[in-house]
>>> print(open('final00.txt').read())   # compact mmCIF, C-alpha atoms
# COMPACT_ATOMS: atom_id res chain seq x y z
CA MET A 75 1.81 13.67 41.13
CA HIS A 76 2.86 12.97 37.53
CA ASN A 77 6.55 13.10 36.72
CA LYS A 78 7.77 14.71 33.48
CA LEU A 79 7.97 11.40 31.62
CA GLN A 80 4.36 10.52 32.46
CA VAL A 81 3.17 13.93 31.34
CA ALA A 82 5.11 13.65 28.08
CA GLU A 83 3.63 10.24 27.39
CA ALA A 84 0.11 11.50 28.10
CA LEU A 85 0.54 14.37 25.65
CA LYS A 86 1.73 12.20 22.76
CA PRO A 87 -0.68 12.05 19.80
CA LYS A 88 -2.66 8.85 19.50
CA TYR A 89 -1.00 8.04 16.17
CA SER A 90 2.28 9.25 14.77
CA ASP A 91 3.88 8.96 11.34
CA SER A 92 6.65 6.63 12.44
CA SER A 93 6.50 3.04 11.24
CA SER A 94 7.11 1.67 14.73
CA ALA A 95 4.12 3.57 16.11
CA LEU A 96 1.86 2.51 13.26
CA LYS A 97 2.76 -1.17 13.07
CA ASP A 98 0.61 -3.85 14.64
CA PRO A 99 2.25 -7.22 13.96
CA ALA A 100 -1.06 -9.04 14.36
CA ALA A 101 -2.84 -6.99 11.68
CA ILE A 102 -2.29 -7.10 7.94
CA ILE A 103 -4.68 -4.19 7.29
CA GLU A 104 -5.86 -1.37 9.54
CA LEU A 105 -8.39 1.40 9.03
CA ARG A 106 -8.28 4.44 11.28
CA ASN A 107 -11.14 6.92 11.39
CA VAL A 108 -12.04 6.23 7.75
CA ARG A 109 -14.98 8.11 6.29
CA TYR A 110 -16.41 7.92 2.79
CA SER A 111 -19.22 9.90 1.21
CA SER A 112 -20.88 10.12 -2.19
CA GLN A 113 -23.23 12.83 -3.48
CA ALA A 114 -23.05 14.55 -0.09
CA LYS A 115 -24.22 11.40 1.71
CA LEU A 116 -21.97 9.87 4.37
CA LEU A 117 -21.80 6.15 3.59
CA LEU A 118 -18.94 4.96 5.83
CA LYS A 119 -18.63 6.58 9.24
CA ASN A 120 -15.46 6.72 11.29
CA ILE A 121 -14.36 3.16 10.59
CA ASP A 122 -11.71 1.86 12.99
CA LEU A 123 -10.77 -1.67 12.10
CA LYS A 124 -7.95 -4.18 12.34
CA ILE A 125 -7.96 -7.20 10.07
CA SER A 126 -5.76 -10.04 11.25
CA ARG A 127 -3.29 -12.00 9.17
CA GLY A 128 -4.32 -15.33 7.75
CA GLY A 129 -7.70 -17.01 7.72
CA ILE A 130 -10.99 -15.91 6.20
CA THR A 131 -12.75 -12.73 7.26
CA ALA A 132 -16.42 -12.43 6.28
CA VAL A 133 -17.84 -8.93 5.84
CA MET A 134 -21.60 -9.04 6.38
CA GLY A 135 -24.64 -6.77 6.58
CA TYR A 136 -27.79 -5.93 4.67
CA ASN A 137 -27.79 -4.33 1.19
CA GLY A 138 -26.49 -0.78 1.44
CA ALA A 139 -24.69 -1.29 4.74
CA GLY A 140 -21.34 -0.40 3.13
CA LYS A 141 -19.73 -3.82 2.65
CA SER A 142 -18.58 -3.40 -0.95
CA LEU A 143 -17.50 0.18 -0.29
CA LEU A 144 -15.37 -1.02 2.59
CA ILE A 145 -13.45 -3.64 0.65
CA LYS A 146 -13.06 -1.33 -2.35
CA ILE A 147 -11.35 1.14 -0.03
CA LEU A 148 -9.20 -1.67 1.37
CA HIS A 149 -8.35 -2.76 -2.18
CA GLY A 150 -7.61 0.79 -3.29
CA ILE A 151 -10.35 1.15 -5.91
CA LEU A 152 -11.93 3.93 -3.84
CA GLN A 153 -10.16 6.55 -1.75
CA ALA A 154 -11.49 7.48 1.68
CA ASP A 155 -12.47 11.10 2.30
CA THR A 156 -10.59 11.09 5.60
CA GLY A 157 -8.66 8.65 7.73
CA ASP A 158 -5.80 6.24 7.18
CA VAL A 159 -5.50 2.83 5.54
CA LEU A 160 -2.45 0.84 6.60
CA TRP A 161 -0.97 -2.27 5.00
CA ASP A 162 1.55 -4.14 7.12
CA GLY A 163 1.81 -1.06 9.33
CA GLU A 164 2.59 1.28 6.45
CA LEU A 165 0.29 4.08 5.34
CA ALA A 166 -1.19 3.32 1.94
CA ASN A 167 -0.19 6.17 -0.32
CA SER A 168 0.61 6.78 -3.97
CA SER A 169 4.26 5.73 -3.59
CA GLN A 170 3.18 2.31 -2.33
CA LYS A 171 0.39 1.79 -4.82
CA GLN A 172 2.36 -0.50 -7.12
CA SER A 173 3.69 -2.75 -4.37
CA GLU A 174 0.25 -3.01 -2.78
CA ALA A 175 -1.30 -4.01 -6.10
CA GLN A 176 1.18 -6.87 -6.32
CA LYS A 177 0.11 -8.39 -3.04
CA GLN A 178 -3.65 -8.22 -3.37
CA ALA A 179 -6.35 -9.13 -5.86
CA MET A 180 -10.13 -8.96 -6.09
CA VAL A 181 -12.91 -11.07 -7.59
CA PHE A 182 -16.23 -9.33 -8.21
CA GLN A 183 -19.73 -10.76 -8.37
CA LYS A 184 -19.84 -10.34 -12.16
CA PRO A 185 -16.51 -11.04 -13.87
CA THR A 186 -15.36 -9.07 -16.91
CA LEU A 187 -13.58 -11.35 -19.36
CA LEU A 188 -11.60 -10.63 -22.51
CA ARG A 189 -12.92 -11.75 -25.90
CA ARG A 190 -10.34 -14.49 -25.98
CA SER A 191 -10.01 -18.11 -25.01
CA VAL A 192 -9.91 -19.26 -21.42
CA LYS A 193 -6.17 -19.87 -21.69
CA ALA A 194 -5.53 -16.48 -23.33
CA ASN A 195 -7.45 -14.69 -20.57
CA LEU A 196 -5.22 -16.28 -18.01
CA MET A 197 -2.00 -15.76 -19.99
CA PHE A 198 -2.84 -12.06 -20.21
CA SER A 199 -2.74 -11.93 -16.40
CA LEU A 200 0.61 -13.71 -16.44
CA ASN A 201 2.25 -11.41 -19.00
CA LYS A 202 4.91 -10.17 -16.57
CA GLN A 203 6.40 -13.64 -16.27
CA THR A 204 8.67 -15.37 -18.73
CA LYS A 205 6.86 -17.35 -21.41
CA LEU A 206 7.87 -20.72 -19.98
CA SER A 207 6.96 -19.90 -16.38
CA ALA A 208 3.69 -18.28 -17.56
CA ILE A 209 2.70 -21.44 -19.43
CA GLU A 210 3.51 -23.63 -16.42
CA LYS A 211 1.58 -21.32 -14.11
CA CYS A 212 -1.35 -21.19 -16.53
CA VAL A 213 -1.58 -24.98 -16.62
CA ALA A 214 -1.44 -25.19 -12.82
CA LEU A 215 -4.11 -22.52 -12.35
CA LEU A 216 -6.46 -24.09 -14.89
CA ASP A 217 -6.09 -27.40 -13.05
CA LEU A 218 -6.76 -25.65 -9.73
CA VAL A 219 -10.02 -24.11 -10.93
CA ARG A 220 -11.01 -27.21 -12.93
CA LEU A 221 -11.02 -25.52 -16.33
CA ALA A 222 -8.14 -27.35 -18.05
CA HIS A 223 -10.54 -29.19 -20.36
CA LEU A 224 -11.97 -25.84 -21.50
CA ALA A 225 -8.66 -24.04 -22.05
CA ASP A 226 -9.26 -23.35 -25.75
CA ASN A 227 -12.94 -22.41 -25.43
CA PRO A 228 -14.07 -18.77 -25.73
CA ALA A 229 -14.14 -17.39 -22.18
CA ARG A 230 -17.41 -15.54 -22.70
CA ARG A 231 -19.21 -18.75 -23.64
CA LEU A 232 -18.50 -20.37 -20.30
CA SER A 233 -21.27 -20.87 -17.77
CA GLY A 234 -21.57 -18.38 -14.93
CA GLY A 235 -19.78 -20.66 -12.52
CA GLU A 236 -17.00 -21.39 -15.00
CA GLN A 237 -16.53 -17.68 -15.70
CA GLN A 238 -16.21 -16.99 -12.00
CA ARG A 239 -13.63 -19.73 -11.62
CA LEU A 240 -11.65 -18.18 -14.46
CA ALA A 241 -11.89 -14.79 -12.75
CA LEU A 242 -10.59 -16.41 -9.57
CA ALA A 243 -7.70 -18.00 -11.48
CA ARG A 244 -6.78 -14.59 -12.93
CA ALA A 245 -6.82 -13.09 -9.44
CA LEU A 246 -4.56 -15.85 -8.13
CA ALA A 247 -2.11 -15.41 -11.02
CA SER A 248 -0.41 -12.56 -9.15
CA LYS A 249 0.13 -14.76 -6.07
CA PRO A 250 -1.65 -12.28 -3.77
CA ASP A 251 -1.12 -12.13 -0.04
CA VAL A 252 -4.71 -10.87 0.29
CA LEU A 253 -7.64 -11.98 -1.84
CA PHE A 254 -10.86 -9.93 -1.80
CA LEU A 255 -14.12 -11.61 -2.83
CA ASP A 256 -17.09 -9.30 -3.37
CA GLU A 257 -20.07 -11.67 -3.28
CA ALA A 258 -18.17 -13.92 -5.66
CA THR A 259 -20.68 -16.79 -5.33
CA ALA A 260 -23.91 -14.79 -5.03
CA SER A 261 -25.11 -15.55 -8.57
CA LEU A 262 -23.98 -19.16 -8.71
CA ASP A 263 -25.78 -22.46 -8.28
CA PRO A 264 -24.83 -24.49 -5.18
CA ALA A 265 -22.49 -26.83 -7.08
CA SER A 266 -20.54 -23.95 -8.65
CA ALA A 267 -20.41 -22.10 -5.33
CA SER A 268 -19.05 -25.24 -3.66
CA VAL A 269 -16.17 -25.43 -6.18
CA ILE A 270 -15.29 -21.78 -5.46
CA GLU A 271 -15.41 -22.44 -1.72
CA ASP A 272 -13.06 -25.42 -2.07
CA ILE A 273 -10.55 -23.25 -3.94
CA VAL A 274 -10.83 -20.50 -1.34
CA ILE A 275 -10.17 -22.96 1.47
CA LYS A 276 -7.05 -24.23 -0.35
CA GLN A 277 -5.77 -20.67 -0.69
CA LYS A 278 -6.34 -20.07 3.01
CA GLN A 279 -4.37 -23.22 3.81
CA GLN A 280 -1.50 -21.85 1.69
CA GLY A 281 -1.43 -18.66 3.75
CA VAL A 282 -3.48 -16.30 1.59
CA LYS A 283 -5.62 -13.91 3.60
CA ILE A 284 -9.23 -13.98 2.35
CA ILE A 285 -11.62 -11.06 2.90
CA MET A 286 -15.04 -11.89 1.54
CA VAL A 287 -18.32 -10.03 1.33
CA THR A 288 -21.23 -12.43 1.64
CA HIS A 289 -24.96 -12.35 2.37
CA ASP A 290 -24.98 -16.09 2.87
CA VAL A 291 -24.96 -16.77 6.61
CA ALA A 292 -24.52 -20.51 6.07
CA GLN A 293 -21.52 -19.86 3.82
CA ALA A 294 -19.97 -17.56 6.40
CA GLU A 295 -20.49 -20.20 9.09
CA ARG A 296 -18.75 -22.78 6.88
CA LEU A 297 -15.79 -20.64 5.86
CA ALA A 298 -15.18 -17.67 8.11
CA ASP A 299 -12.67 -17.49 10.93
CA ASP A 300 -13.94 -14.05 11.95
CA VAL A 301 -16.78 -11.73 11.00
CA ILE A 302 -17.17 -7.98 10.52
CA LEU A 303 -20.78 -6.76 10.64
CA LEU A 304 -21.65 -3.42 9.10
CA HIS A 305 -24.84 -1.47 9.78
CA ARG A 306 -25.62 1.94 8.29
CA GLY A 307 -22.00 2.48 7.34
CA GLU A 308 -20.54 1.58 10.72
CA VAL A 309 -18.80 -1.48 12.13
CA VAL A 310 -21.16 -2.67 14.84
CA GLU A 311 -19.49 -5.96 15.66
CA GLN A 312 -16.22 -7.75 14.89
CA ALA A 313 -15.66 -11.15 16.43
CA LEU A 314 -14.43 -14.68 15.93
CA ALA A 315 -16.96 -16.54 13.81
CA SER A 316 -17.79 -19.00 16.57
CA CYS A 317 -18.59 -16.15 18.95
CA PHE A 318 -20.49 -14.11 16.36
CA PHE A 319 -22.80 -16.92 15.31
CA ASN A 320 -23.27 -18.55 18.71
CA ASN A 321 -23.20 -15.56 21.03
CA PRO A 322 -23.49 -12.19 19.23
CA LYS A 323 -22.80 -9.28 21.55
CA THR A 324 -24.88 -6.50 20.00
CA GLN A 325 -28.60 -6.20 19.41
CA VAL A 326 -27.86 -5.34 15.78
CA ALA A 327 -26.00 -8.63 15.28
CA LYS A 328 -28.77 -10.58 16.97
CA ALA A 329 -31.37 -8.91 14.75
CA TYR A 330 -29.27 -9.55 11.63
CA LEU A 331 -28.83 -13.24 12.36
CA SER A 332 -32.53 -13.66 13.13
CA GLY A 333 -33.49 -11.98 9.86
CA GLN A 334 -35.04 -8.97 11.56
CA LEU A 335 -32.51 -6.29 10.57
CA TRP A 336 -33.63 -3.91 7.87
CA ASN A 337 -32.21 -0.87 6.12
CA ASP A 338 -34.67 1.54 7.72
>>> encode(input="final00.txt", output="structure tokens")
Amino acid sequence: MHNKLQVAEALKPKYSDSSSALKDPAAIIELRNVRYSSQAKLLLKNIDLKISRGGITAVMGYNGAGKSLLIKILHGILQADTGDVLWDGELANSSQKQSEAQKQAMVFQKPTLLRRSVKANLMFSLNKQTKLSAIEKCVALLDLVRLAHLADNPARRLSGGEQQRLALARALASKPDVLFLDEATASLDPASASVIEDIVIKQKQQGVKIIMVTHDVAQAERLADDVILLHRGEVVEQALASCFFNNPKTQVAKAYLSGQLWND
């Protein structure tokens, strides 16, 4: 026989609007029942997801599985049709947009650079800081991404790998808590990709949360602490990287890792 307290607890909604009910101290980002469609086609289906603080999360899946859509919704570039996105336990809404933008940044596969020098591109991203602190930060970032010797060169004349390192430096200029990488090394030669990976590892060690889309299984094995696998717009597996690569739980994950998963 249930007492009144038990009945009241059972009738509570699964989620409420109070911060205490929404907050999960282990998660920096949560998605709850998120759906996204385009041209009447459902592309992300009822996504429920918690992304832990710290470390590197790899988002994987075949082309068209919804990886880039997912991180664009997390980043705020796209808005979900339904469902909730939470940052630090708070619902992401228009009133929080500015503060969220200050604690996250994204690097895309193909960077868009200004028709200016390498240094000027980076200084543009540092324009909210005082001139002296911006210069100091610019020098430090150029050293970090190994572009100090090219500071006065036109940014658009850099090699592909150098351009991507500049894009990464611009993203890091805001000192983000979360850094999104959307196949940031997909078009690069192995040496350039290795430089990017080294920088990413350093950012992880400094406490930046990295969420990266990658097709490169070997790269994910090298870098990732956990993995999210998407298939046909759904999360089919989320696990620690060691478990995902050594003992995947779902048939979809096993097929993906064996190269037998197709967008059929």
>>> residues_around(input="final00.txt", residues="Gly138 in chain A", least_positions_apart="2", cutoff="8 Å", atoms="all atoms listed in the file", output="JSON list (two decimals) with C-alpha atoms, in the coordinates of the input")
[["chain", "number", "residue", "atom", "x", "y", "z"],
["A", 136, "TYR", "CA", -27.79, -5.93, 4.67],
["A", 140, "GLY", "CA", -21.34, -0.40, 3.13],
["A", 141, "LYS", "CA", -19.73, -3.82, 2.65],
["A", 306, "ARG", "CA", -25.62, 1.94, 8.29],
["A", 337, "ASN", "CA", -32.21, -0.87, 6.12]]
>>> closest_residue(input="final00.txt", among="A:Ser126, A:Ser191, A:Ser266, A:Gln237", to="Val282 in chain A", atoms="all atoms listed in the file")
A:Ser126
>>> atom_distance(input="final00.txt", atom1="CA of Phe254 in chain A", atom2="CA of Ser142 in chain A")
10.1 Å
>>> atom_distance(input="final00.txt", atom1="CA of Ala154 in chain A", atom2="CA of Met134 in chain A")
19.9 Å
>>> closest_residue(input="final00.txt", among="A:Leu200, A:Leu255, A:Val274, A:Ile121", to="Val133 in chain A", atoms="only C-alpha atoms")
A:Leu255
>>> residues_around(input="final00.txt", residues="Gln153 in chain A", least_positions_apart="5", cutoff="10 Å", atoms="all atoms listed in the file", output="list in words")
Val108, Arg109, Tyr110, Leu143, Lys146, Ile147, Leu148, Asp158 and Val159 of chain A
>>> residues_around(input="final00.txt", residues="Ile284 in chain A", least_positions_apart="5", cutoff="6 Å", atoms="all atoms listed in the file", output="compact mmCIF listing (two decimals) with C-alpha atoms, keeping the file's coordinate frame")
# COMPACT_ATOMS: atom_id res chain seq x y z
CA ILE A 130 -10.99 -15.91 6.20
CA VAL A 252 -4.71 -10.87 0.29
CA LEU A 253 -7.64 -11.98 -1.84
>>> closest_residue(input="final00.txt", among="A:Lys278, A:Leu216, A:Leu188, A:Glu104", to="Pro250 in chain A", atoms="only C-alpha atoms")
A:Lys278
>>> atom_distance(input="final00.txt", atom1="CA of Ala267 in chain A", atom2="CA of Asp226 in chain A")
23.3 Å
>>> closest_residue(input="final00.txt", among="A:Lys323, A:Arg296, A:Arg106, A:Lys193", to="His223 in chain A", atoms="only C-alpha atoms")
A:Lys193
>>> closest_residue(input="final00.txt", among="A:Val309, A:Ala222, A:Cys317, A:Ile285", to="Leu123 in chain A", atoms="all atoms listed in the file")
A:Val309
>>> residues_near_point(input="final00.txt", point="(-29.6, -10.7, 15.5)", cutoff="12 Å", atoms="all atoms listed in the file", output="list in words")
Gly135, Tyr136, Val291, Leu303, His305, Val310, Glu311, Phe318, Phe319, Asn320, Asn321, Pro322, Lys323, Thr324, Gln325, Val326, Ala327, Lys328, Ala329, Tyr330, Leu331, Ser332, Gly333, Gln334, Leu335 and Trp336 of chain A
>>> closest_residue(input="final00.txt", among="A:Asp272, A:Asp155, A:Ala298, A:Ser199", to="Ala114 in chain A", atoms="all atoms listed in the file")
A:Asp155
>>> residues_around(input="final00.txt", residues="Ala100 in chain A", least_positions_apart="2", cutoff="10 Å", atoms="all atoms listed in the file", output="compact mmCIF listing (two decimals) with C-alpha atoms, in the frame of the given file")
# COMPACT_ATOMS: atom_id res chain seq x y z
CA LYS A 97 2.76 -1.17 13.07
CA ASP A 98 0.61 -3.85 14.64
CA ILE A 102 -2.29 -7.10 7.94
CA ILE A 103 -4.68 -4.19 7.29
CA LYS A 124 -7.95 -4.18 12.34
CA ILE A 125 -7.96 -7.20 10.07
CA SER A 126 -5.76 -10.04 11.25
CA ARG A 127 -3.29 -12.00 9.17
CA GLY A 128 -4.32 -15.33 7.75
CA ASP A 162 1.55 -4.14 7.12
CA GLY A 163 1.81 -1.06 9.33
